[in-house]
>>> print(open('structure.cif').read())   # mmCIF, C-alpha atoms and all ligand atoms
data_target
#
loop_
_atom_site.label_atom_id
_atom_site.label_comp_id
_atom_site.auth_asym_id
_atom_site.auth_seq_id
_atom_site.Cartn_x
_atom_site.Cartn_y
_atom_site.Cartn_z
CA MET A 1 81.87 148.89 10.96
CA SER A 2 85.59 148.68 10.48
CA LEU A 3 88.32 146.13 10.55
CA VAL A 4 90.97 146.90 13.11
CA ARG A 5 94.43 145.47 12.66
CA HIS A 6 96.69 144.78 15.66
CA THR A 7 100.30 144.07 14.81
CA LEU A 8 102.91 142.27 16.83
CA PRO A 9 106.06 144.42 16.59
CA GLY A 10 108.80 143.01 14.39
CA VAL A 11 106.72 140.72 12.23
CA SER A 12 106.07 140.97 8.51
CA VAL A 13 102.73 140.96 6.72
CA SER A 14 102.02 139.02 3.57
CA THR A 15 100.07 140.49 0.68
CA GLU A 16 97.61 137.72 0.10
CA SER A 17 95.57 135.11 1.88
CA ARG A 18 95.29 131.42 1.28
CA PRO A 19 93.40 128.49 2.76
CA ASP A 20 95.34 127.64 5.92
CA ALA A 21 93.63 124.55 7.27
CA ILE A 22 91.67 121.65 5.94
CA PRO A 23 88.08 122.88 5.99
CA PRO A 24 86.25 121.05 8.80
CA GLU A 25 83.66 119.75 6.37
CA ARG A 26 86.43 117.93 4.49
CA VAL A 27 88.18 116.24 7.43
CA PRO A 28 88.33 113.48 6.45
CA ALA A 29 87.44 113.81 2.75
CA LEU A 30 83.81 112.99 2.15
CA PRO A 31 83.25 111.44 -1.25
CA SER A 32 79.51 111.14 -0.76
CA ARG A 33 77.03 113.81 -1.78
CA ARG A 34 75.02 115.12 1.12
CA THR A 35 72.44 117.73 1.96
CA PRO A 36 74.05 121.06 1.11
CA ALA A 37 74.23 124.31 3.05
CA LEU A 38 76.14 127.53 2.68
CA SER A 39 79.36 127.88 4.65
CA PRO A 40 81.76 130.83 4.59
CA SER A 41 84.24 128.70 2.65
CA ARG A 42 81.75 127.68 -0.02
CA ALA A 43 80.28 131.16 -0.34
CA GLY A 44 83.84 132.42 -0.74
CA ASP A 45 84.49 129.75 -3.37
CA TYR A 46 81.49 130.83 -5.40
CA LYS A 47 82.50 134.46 -5.26
CA GLN A 48 86.04 133.52 -6.25
CA CYS A 49 85.14 131.08 -9.04
CA PRO A 50 81.77 129.40 -9.70
CA LEU A 51 83.47 126.36 -11.25
CA LEU A 52 85.59 125.90 -8.14
CA TYR A 53 82.41 126.04 -6.08
CA ARG A 54 80.82 123.39 -8.27
CA TYR A 55 83.77 121.00 -8.04
CA ARG A 56 83.93 121.35 -4.27
CA ALA A 57 80.30 121.62 -3.24
CA ILE A 58 78.43 119.65 -5.89
CA ASP A 59 80.90 117.21 -7.48
CA ARG A 60 82.76 116.97 -4.17
CA LEU A 61 86.00 116.16 -5.96
CA PRO A 62 88.75 115.05 -3.61
CA GLU A 63 91.57 117.49 -2.93
CA VAL A 64 95.02 116.76 -1.65
CA PRO A 65 95.72 118.76 1.50
CA THR A 66 98.96 120.71 1.75
CA GLN A 67 101.38 120.41 4.63
CA ALA A 68 100.35 123.91 5.70
CA GLN A 69 96.69 122.89 5.85
CA VAL A 70 97.48 119.78 7.88
CA LYS A 71 99.57 121.91 10.22
CA GLY A 72 96.60 124.21 10.59
CA THR A 73 94.37 121.28 11.50
CA VAL A 74 96.90 120.07 14.10
CA VAL A 75 97.21 123.50 15.70
CA HIS A 76 93.44 123.99 15.76
CA ALA A 77 93.02 120.62 17.49
CA ALA A 78 95.73 121.46 20.01
CA LEU A 79 94.11 124.78 20.89
CA GLU A 80 90.72 123.15 21.19
CA ASN A 81 92.13 120.53 23.55
CA LEU A 82 94.04 123.17 25.48
CA PHE A 83 90.78 124.69 26.64
CA ASP A 84 89.60 121.30 27.88
CA MET A 85 92.33 121.55 30.52
CA PRO A 86 92.00 123.43 33.81
CA ALA A 87 92.97 127.08 33.31
CA GLY A 88 96.15 126.85 35.38
CA LEU A 89 97.52 124.07 33.17
CA ARG A 90 97.08 125.92 29.89
CA VAL A 91 100.74 126.80 29.66
CA PRO A 92 102.92 126.66 26.51
CA GLU A 93 104.43 123.30 27.48
CA SER A 94 100.95 121.76 27.63
CA ALA A 95 100.06 123.23 24.25
CA GLU A 96 103.23 121.82 22.68
CA MET A 97 102.42 118.36 24.00
CA LEU A 98 98.91 118.72 22.62
CA VAL A 99 100.35 119.58 19.20
CA ASP A 100 102.38 116.37 19.21
CA GLY A 101 99.35 114.42 20.39
CA ALA A 102 97.08 115.95 17.75
CA TRP A 103 99.57 115.06 15.02
CA GLY A 104 99.72 111.46 16.26
CA ALA A 105 95.94 111.20 16.41
CA LEU A 106 95.56 112.64 12.92
CA CYS A 107 98.07 110.17 11.49
CA GLU A 108 96.23 107.32 13.16
CA GLU A 109 93.00 108.51 11.60
CA SER A 110 94.52 109.21 8.17
CA PRO A 111 97.74 107.17 7.71
CA GLU A 112 98.20 108.67 4.23
CA LEU A 113 99.31 111.88 5.93
CA ARG A 114 102.65 110.15 6.54
CA ASP A 115 103.23 110.48 2.79
CA LEU A 116 102.49 114.18 2.92
CA VAL A 117 104.85 114.68 5.86
CA PRO A 118 107.61 112.07 5.44
CA ASP A 119 109.60 110.96 8.48
CA ASP A 120 112.56 113.20 7.69
CA GLN A 121 110.26 116.25 7.70
CA VAL A 122 108.24 115.52 10.83
CA ASP A 123 110.60 117.32 13.22
CA ARG A 124 110.49 120.46 11.12
CA PHE A 125 106.73 120.16 10.71
CA LEU A 126 106.19 119.90 14.47
CA SER A 127 108.71 122.64 15.18
CA ASP A 128 106.78 124.97 12.87
CA ALA A 129 103.54 124.02 14.62
CA HIS A 130 105.16 124.75 18.00
CA GLN A 131 106.21 128.15 16.67
CA LEU A 132 102.59 128.91 15.74
CA ILE A 133 101.61 128.00 19.28
CA ALA A 134 104.38 130.23 20.66
CA THR A 135 102.99 133.12 18.61
CA TYR A 136 99.52 132.35 19.92
CA TYR A 137 100.79 133.00 23.44
CA THR A 138 101.94 136.46 22.36
CA LEU A 139 98.33 137.26 21.48
CA GLU A 140 96.44 135.78 24.41
CA ASN A 141 96.90 134.30 27.84
CA PRO A 142 94.67 131.21 27.86
CA THR A 143 95.16 130.71 31.61
CA ALA A 144 93.25 133.95 32.24
CA PHE A 145 89.84 133.01 30.86
CA THR A 146 87.64 130.05 30.02
CA PRO A 147 85.69 129.97 26.75
CA GLU A 148 82.06 129.17 26.57
CA SER A 149 82.64 126.75 23.68
CA CYS A 150 85.25 125.56 21.20
CA GLU A 151 84.81 124.17 17.67
CA LEU A 152 81.10 124.83 17.81
CA ARG A 153 79.11 123.75 14.78
CA VAL A 154 76.53 126.39 13.98
CA GLU A 155 73.56 126.00 11.68
CA VAL A 156 71.08 128.77 11.02
CA ASP A 157 68.09 128.68 8.74
CA LEU A 158 67.48 132.08 7.21
CA ARG A 159 64.34 130.67 5.62
CA ALA A 160 62.74 131.34 9.00
CA ASP A 161 62.73 135.02 8.03
CA GLY A 162 59.37 134.48 6.39
CA GLU A 163 59.88 137.39 4.03
CA ASP A 164 60.45 135.16 1.00
CA ASP A 165 61.18 131.57 0.09
CA ASN A 166 64.68 132.37 -1.00
CA GLY A 167 66.28 131.73 2.34
CA VAL A 168 69.43 129.81 2.93
CA LEU A 169 70.74 127.36 5.48
CA LEU A 170 74.01 128.65 6.93
CA ARG A 171 76.48 126.20 8.36
CA GLY A 172 79.93 126.60 9.79
CA PHE A 173 82.32 125.90 12.62
CA VAL A 174 83.25 128.58 15.12
CA ASP A 175 86.67 128.04 16.67
CA ARG A 176 85.82 129.66 19.98
CA ILE A 177 83.12 131.67 21.72
CA ASP A 178 83.88 133.66 24.87
CA VAL A 179 81.14 135.19 26.98
CA ALA A 180 82.02 137.95 29.46
CA PRO A 181 80.32 138.13 32.89
CA ASP A 182 78.17 140.99 31.56
CA GLY A 183 76.96 138.81 28.67
CA ARG A 184 79.05 140.29 25.87
CA VAL A 185 79.98 137.69 23.27
CA ARG A 186 83.33 137.44 21.53
CA VAL A 187 83.86 135.10 18.57
CA VAL A 188 87.44 134.02 17.92
CA ASP A 189 88.84 132.31 14.85
CA TYR A 190 92.43 131.05 14.59
CA LYS A 191 94.33 131.38 11.34
CA THR A 192 97.60 129.55 10.99
CA GLY A 193 98.61 131.50 7.91
CA ARG A 194 99.74 135.10 7.76
CA SER A 195 97.29 137.94 7.99
CA PRO A 196 95.93 139.11 4.64
CA GLY A 197 97.13 142.25 2.97
CA GLU A 198 94.55 145.02 2.85
CA SER A 199 93.41 144.03 -0.63
CA PHE A 200 92.57 140.55 0.67
CA GLU A 201 90.87 141.65 3.87
CA SER A 202 87.42 141.39 2.33
CA ARG A 203 87.44 137.58 2.52
CA ALA A 204 88.33 137.75 6.22
CA LEU A 205 85.61 140.32 6.79
CA PHE A 206 83.10 138.16 4.90
CA GLN A 207 83.86 135.22 7.18
CA MET A 208 83.55 137.34 10.30
CA LYS A 209 80.21 138.76 9.20
CA PHE A 210 79.01 135.25 8.45
CA TYR A 211 79.73 134.10 11.99
CA ALA A 212 78.40 137.30 13.50
CA LEU A 213 75.12 136.80 11.66
CA ALA A 214 74.93 133.14 12.67
CA ILE A 215 75.49 133.94 16.36
CA TYR A 216 73.06 136.84 16.22
CA ARG A 217 70.33 134.71 14.69
CA LEU A 218 70.98 131.79 17.05
CA ARG A 219 71.16 133.78 20.28
CA GLY A 220 69.48 137.06 19.52
CA VAL A 221 72.62 138.85 20.62
CA VAL A 222 74.92 140.77 18.31
CA PRO A 223 78.48 139.69 19.18
CA ALA A 224 80.43 142.53 20.74
CA ARG A 225 83.57 141.53 18.90
CA LEU A 226 84.82 139.10 16.29
CA GLN A 227 88.50 138.43 16.24
CA LEU A 228 90.78 136.62 13.81
CA LEU A 229 94.11 135.60 15.32
CA TYR A 230 96.87 135.08 12.73
CA LEU A 231 99.42 132.79 14.27
CA ALA A 232 102.07 133.01 11.54
CA ASP A 233 102.72 136.70 12.00
CA GLY A 234 101.14 137.55 15.34
CA GLN A 235 98.47 139.87 14.06
CA SER A 236 94.81 140.03 14.86
CA LEU A 237 91.92 141.52 12.98
CA THR A 238 88.88 142.57 14.95
CA TYR A 239 85.44 143.44 13.72
CA THR A 240 82.63 145.05 15.68
CA PRO A 241 79.34 144.32 13.94
CA ASP A 242 76.05 146.12 14.29
CA LYS A 243 72.57 144.76 13.85
CA ALA A 244 71.61 146.75 10.75
CA GLU A 245 74.75 145.71 8.96
CA LEU A 246 74.15 142.05 9.78
CA GLU A 247 70.61 142.26 8.44
CA ARG A 248 72.00 143.69 5.20
CA PHE A 249 74.54 140.90 5.13
CA ALA A 250 71.74 138.32 5.44
CA LYS A 251 70.34 139.75 2.21
CA THR A 252 73.76 139.44 0.58
CA LEU A 253 73.96 135.76 1.52
CA LYS A 254 70.50 135.16 0.16
CA ALA A 255 71.51 136.80 -3.10
CA ILE A 256 74.60 134.58 -3.33
CA TRP A 257 72.45 131.55 -2.64
CA LYS A 258 69.94 132.59 -5.27
CA ALA A 259 72.75 132.85 -7.82
CA ILE A 260 74.05 129.42 -6.81
CA GLN A 261 70.63 127.87 -7.11
CA LYS A 262 70.16 129.40 -10.55
CA ALA A 263 73.52 128.02 -11.65
CA GLY A 264 72.64 124.70 -10.04
CA ALA A 265 69.51 124.42 -12.17
CA THR A 266 71.37 125.03 -15.43
CA GLY A 267 74.80 123.63 -14.58
CA GLU A 268 76.40 126.90 -15.65
CA PHE A 269 79.32 127.40 -13.33
CA PRO A 270 81.85 129.39 -15.37
CA PRO A 271 85.53 129.45 -14.41
CA LYS A 272 86.88 132.74 -13.13
CA LYS A 273 90.63 132.99 -13.38
CA SER A 274 92.53 134.82 -10.68
CA ARG A 275 95.73 134.71 -8.67
CA MET A 276 93.98 132.24 -6.39
CA CYS A 277 94.10 129.63 -9.19
CA GLN A 278 97.61 128.77 -8.06
CA TRP A 279 96.07 126.92 -5.11
CA CYS A 280 93.33 125.19 -7.10
CA ASP A 281 93.47 121.39 -7.37
CA HIS A 282 91.14 121.28 -10.35
CA LYS A 283 93.15 122.80 -13.21
CA ALA A 284 92.99 119.49 -15.11
CA HIS A 285 89.24 120.03 -15.41
CA CYS A 286 89.34 123.77 -15.98
CA PRO A 287 89.19 125.34 -19.45
CA GLU A 288 91.27 128.27 -18.23
CA PHE A 289 94.16 125.81 -17.96
CA GLY A 290 93.47 123.73 -21.07
CA GLY A 291 91.25 121.19 -19.30
CA THR A 292 87.75 120.02 -20.08
CA VAL A 293 84.89 120.64 -17.69
CA LEU A 294 83.55 117.42 -16.18
CA PRO A 295 79.95 116.46 -17.03
CA TYR A 296 77.61 118.21 -14.62
CA PRO A 297 76.22 115.66 -12.14
CA GLY A 298 73.15 117.79 -11.37
CA TRP A 299 72.04 119.51 -8.23
CA PRO A 300 72.41 117.24 -5.16
CA THR A 301 68.65 116.86 -4.64
CA ALA A 302 65.54 116.84 -6.77
CA PRO A 303 64.31 120.22 -8.05
CA GLY A 304 61.90 121.85 -5.71
CA GLU A 305 63.33 120.33 -2.56
CA THR A 306 64.53 122.79 0.01
CA SER A 307 68.15 121.75 0.27
CA HIS A 308 71.41 123.62 0.05
CA ALA A 309 74.97 123.07 -1.15
CA GLU A 310 77.87 123.19 1.28
S1 LIG B 1 91.88 126.86 -11.85
FE1 LIG B 1 91.03 128.89 -11.33
S2 LIG B 1 89.44 129.26 -12.87
FE2 LIG B 1 89.91 127.08 -12.92
S3 LIG B 1 88.42 126.11 -11.53
FE3 LIG B 1 90.27 126.52 -10.33
S4 LIG B 1 89.90 128.52 -9.40
FE4 LIG B 1 88.45 128.32 -11.10
#
>>> encode(input="structure.cif", output="structure tokens", more="lines below")
Ligand code: SF4
Amino acid sequence: MSLVRHTLPGVSVSTESRPDAIPPERVPALPSRRTPALSPSRAGDYKQCPLLYRYRAIDRLPEVPTQAQVKGTVVHAALENLFDMPAGLRVPESAEMLVDGAWGALCEESPELRDLVPDDQVDRFLSDAHQLIATYYTLENPTAFTPESCELRVEVDLRADGEDDNGVLLRGFVDRIDVAPDGRVRVVDYKTGRSPGESFESRALFQMKFYALAIYRLRGVVPARLQLLYLADGQSLTYTPDKAELERFAKTLKAIWKAIQKAGATGEFPPKKSRMCQWCDHKAHCPEFGGTVLPYPGWPTAPGETSHAE
């Protein structure tokens, strides 16, 4: 397996990654506690900082989205809607109109976004979103193919393995699945941020393996290609999985889940300081930043129940 990087000439590459859209499971924010599962985002949170995982997945503390994340949500919605149109109409002008429409719909749904993007910044906000769309067209020609599905919610129960009772329910959203006439499957994920520097590629690779495993387990077919399209700098990362590697990755996910469950039983979710803390909304409740850890609310369901934290 290897990650292959494709660069658009004349664009720069950042050295680190950051969340670039509001995670689908938090649009809109869900204050309630619900049956948990493991998503790529939450698994990544736990690996990055167990306390961050706890605040997001168990306490479900609200977080204020950034303009960049909202822009990511708007662009994702526009691209999803673009593929609802007949192929011949999927031209840049259509996509720009869909961006404007997605922004309007999002504001209607969540009027508080007007505070995040005040009136005097809307033009710039939409112009930046249009630029992301323009970069998308340098990477693909959406008039030339029709996806099998967009924004597909996938859920896979690795407990069905039968080899142990330490399985895990995987859950996530796949931006797009393309199926070639010969049956080969391609999984595509849009990123509205810049592509990660090499030292941050592992998180991207983790996400791609997660989706590759989910598709493999759901369909019995190893995807021929997984592709991340970075719309801020016109790069794409591709990953070609193989079956043995995905089976090993299933074991990795189970191990992560086992560690989460153990922490969930004791409430021990230690903070882990890193450069990523600069994007964390929970410093006020983090001892690494002089805060006090909130009382642990307990695992979302009674001990012994087969549930999972998303
Ligand atoms: S500030 Fe850093 S160490 Fe503290 S909870 Fe957030 S990510 Fe973890």
>>> residues_near_ligand(input="structure.cif", ligand="ligand LIG 1 (chain B)", cutoff="8 Å", atoms="all atoms listed in the file", output="list in words")
Gln48, Cys49, Pro50, Leu51, Leu52, Tyr55, Pro270, Pro271, Lys272, Lys273, Ser274, Arg275, Met276, Cys277, Gln278, Trp279, Cys280, Asp281, His282, Lys283, His285, Cys286, Pro287, Glu288 and Phe289 of chain A
>>> write_last_selection(input="structure.cif", atoms="C-alpha atoms", output="PDB file, keeping the file's coordinate frame")
ATOM      1  CA  GLN A  48      86.040 133.520  -6.250  1.00  0.00           C
ATOM      2  CA  CYS A  49      85.140 131.080  -9.040  1.00  0.00           C
ATOM      3  CA  PRO A  50      81.770 129.400  -9.700  1.00  0.00           C
ATOM      4  CA  LEU A  51      83.470 126.360 -11.250  1.00  0.00           C
ATOM      5  CA  LEU A  52      85.590 125.900  -8.140  1.00  0.00           C
ATOM      6  CA  TYR A  55      83.770 121.000  -8.040  1.00  0.00           C
ATOM      7  CA  PRO A 270      81.850 129.390 -15.370  1.00  0.00           C
ATOM      8  CA  PRO A 271      85.530 129.450 -14.410  1.00  0.00           C
ATOM      9  CA  LYS A 272      86.880 132.740 -13.130  1.00  0.00           C
ATOM     10  CA  LYS A 273      90.630 132.990 -13.380  1.00  0.00           C
ATOM     11  CA  SER A 274      92.530 134.820 -10.680  1.00  0.00           C
ATOM     12  CA  ARG A 275      95.730 134.710  -8.670  1.00  0.00           C
ATOM     13  CA  MET A 276      93.980 132.240  -6.390  1.00  0.00           C
ATOM     14  CA  CYS A 277      94.100 129.630  -9.190  1.00  0.00           C
ATOM     15  CA  GLN A 278      97.610 128.770  -8.060  1.00  0.00           C
ATOM     16  CA  TRP A 279      96.070 126.920  -5.110  1.00  0.00           C
ATOM     17  CA  CYS A 280      93.330 125.190  -7.100  1.00  0.00           C
ATOM     18  CA  ASP A 281      93.470 121.390  -7.370  1.00  0.00           C
ATOM     19  CA  HIS A 282      91.140 121.280 -10.350  1.00  0.00           C
ATOM     20  CA  LYS A 283      93.150 122.800 -13.210  1.00  0.00           C
ATOM     21  CA  HIS A 285      89.240 120.030 -15.410  1.00  0.00           C
ATOM     22  CA  CYS A 286      89.340 123.770 -15.980  1.00  0.00           C
ATOM     23  CA  PRO A 287      89.190 125.340 -19.450  1.00  0.00           C
ATOM     24  CA  GLU A 288      91.270 128.270 -18.230  1.00  0.00           C
ATOM     25  CA  PHE A 289      94.160 125.810 -17.960  1.00  0.00           C
TER      26      PHE A 289
END
>>> closest_residue(input="structure.cif", among="A:Tyr211, A:Arg42, A:Val174, A:Tyr190", to="A:Ala78", atoms="all atoms listed in the file")
A:Tyr190
>>> closest_atom_pairs(input="structure.cif", of="stretch 135-191 of chain A", to="stretch 237-247 of chain A", cutoff="10 Å", atoms="all atoms listed in the file", output="tab-separated table")
residue	atom	partner	partner_atom	distance
A:Arg186	CA	A:Thr240	CA	9.6
A:Val187	CA	A:Thr238	CA	9.7
A:Val188	CA	A:Thr238	CA	9.2
A:Asp189	CA	A:Leu237	CA	9.9
>>> closest_atom_pairs(input="structure.cif", of="stretch 78-134 of chain A", to="stretch 147-151 of chain A", cutoff="10 Å", atoms="all atoms listed in the file", output="JSON lines")
{"residue": "A:Leu79", "atom": "CA", "partner": "A:Cys150", "partner_atom": "CA", "distance": 8.9}
{"residue": "A:Glu80", "atom": "CA", "partner": "A:Cys150", "partner_atom": "CA", "distance": 6.0}
{"residue": "A:Asn81", "atom": "CA", "partner": "A:Cys150", "partner_atom": "CA", "distance": 8.8}
{"residue": "A:Phe83", "atom": "CA", "partner": "A:Pro147", "partner_atom": "CA", "distance": 7.3}
{"residue": "A:Asp84", "atom": "CA", "partner": "A:Cys150", "partner_atom": "CA", "distance": 9.0}
>>> atom_distance(input="structure.cif", atom1="atom CA of A:Arg217", atom2="atom CA of A:Phe145")
25.4 Å
>>> closest_residue(input="structure.cif", among="A:Gly88, A:Pro297, A:Gly290, A:Pro118", to="A:Thr146", atoms="all atoms listed in the file")
A:Gly88
>>> atom_distance(input="structure.cif", atom1="atom CA of A:Val179", atom2="atom CA of A:Ile215")
12.1 Å
>>> closest_residue(input="structure.cif", among="A:Gly298, A:Gly234, A:Gly183, A:Gly172", to="A:Met208", atoms="all atoms listed in the file")
A:Gly172
>>> atom_distance(input="structure.cif", atom1="atom CA of A:Leu229", atom2="atom CA of A:Met85")
20.8 Å
>>> residues_around(input="structure.cif", residues="stretch 93-106 of chain A", least_positions_apart="3", cutoff="12 Å", atoms="all atoms listed in the file", output="number ranges by chain")
A: 27-28, 67, 70-90, 109-114, 117, 122-123, 125-137, 142-143
>>> residues_near_point(input="structure.cif", point="(83.8, 114.8, -11.1)", cutoff="10 Å", atoms="only C-alpha atoms", output="PDB file with C-alpha atoms, keeping the file's coordinate frame")
ATOM      1  CA  ARG A  54      80.820 123.390  -8.270  1.00  0.00           C
ATOM      2  CA  TYR A  55      83.770 121.000  -8.040  1.00  0.00           C
ATOM      3  CA  ARG A  56      83.930 121.350  -4.270  1.00  0.00           C
ATOM      4  CA  ILE A  58      78.430 119.650  -5.890  1.00  0.00           C
ATOM      5  CA  ASP A  59      80.900 117.210  -7.480  1.00  0.00           C
ATOM      6  CA  ARG A  60      82.760 116.970  -4.170  1.00  0.00           C
ATOM      7  CA  LEU A  61      86.000 116.160  -5.960  1.00  0.00           C
ATOM      8  CA  PRO A  62      88.750 115.050  -3.610  1.00  0.00           C
ATOM      9  CA  HIS A 282      91.140 121.280 -10.350  1.00  0.00           C
ATOM     10  CA  HIS A 285      89.240 120.030 -15.410  1.00  0.00           C
ATOM     11  CA  VAL A 293      84.890 120.640 -17.690  1.00  0.00           C
ATOM     12  CA  LEU A 294      83.550 117.420 -16.180  1.00  0.00           C
ATOM     13  CA  PRO A 295      79.950 116.460 -17.030  1.00  0.00           C
ATOM     14  CA  TYR A 296      77.610 118.210 -14.620  1.00  0.00           C
ATOM     15  CA  PRO A 297      76.220 115.660 -12.140  1.00  0.00           C
TER      16      PRO A 297
END
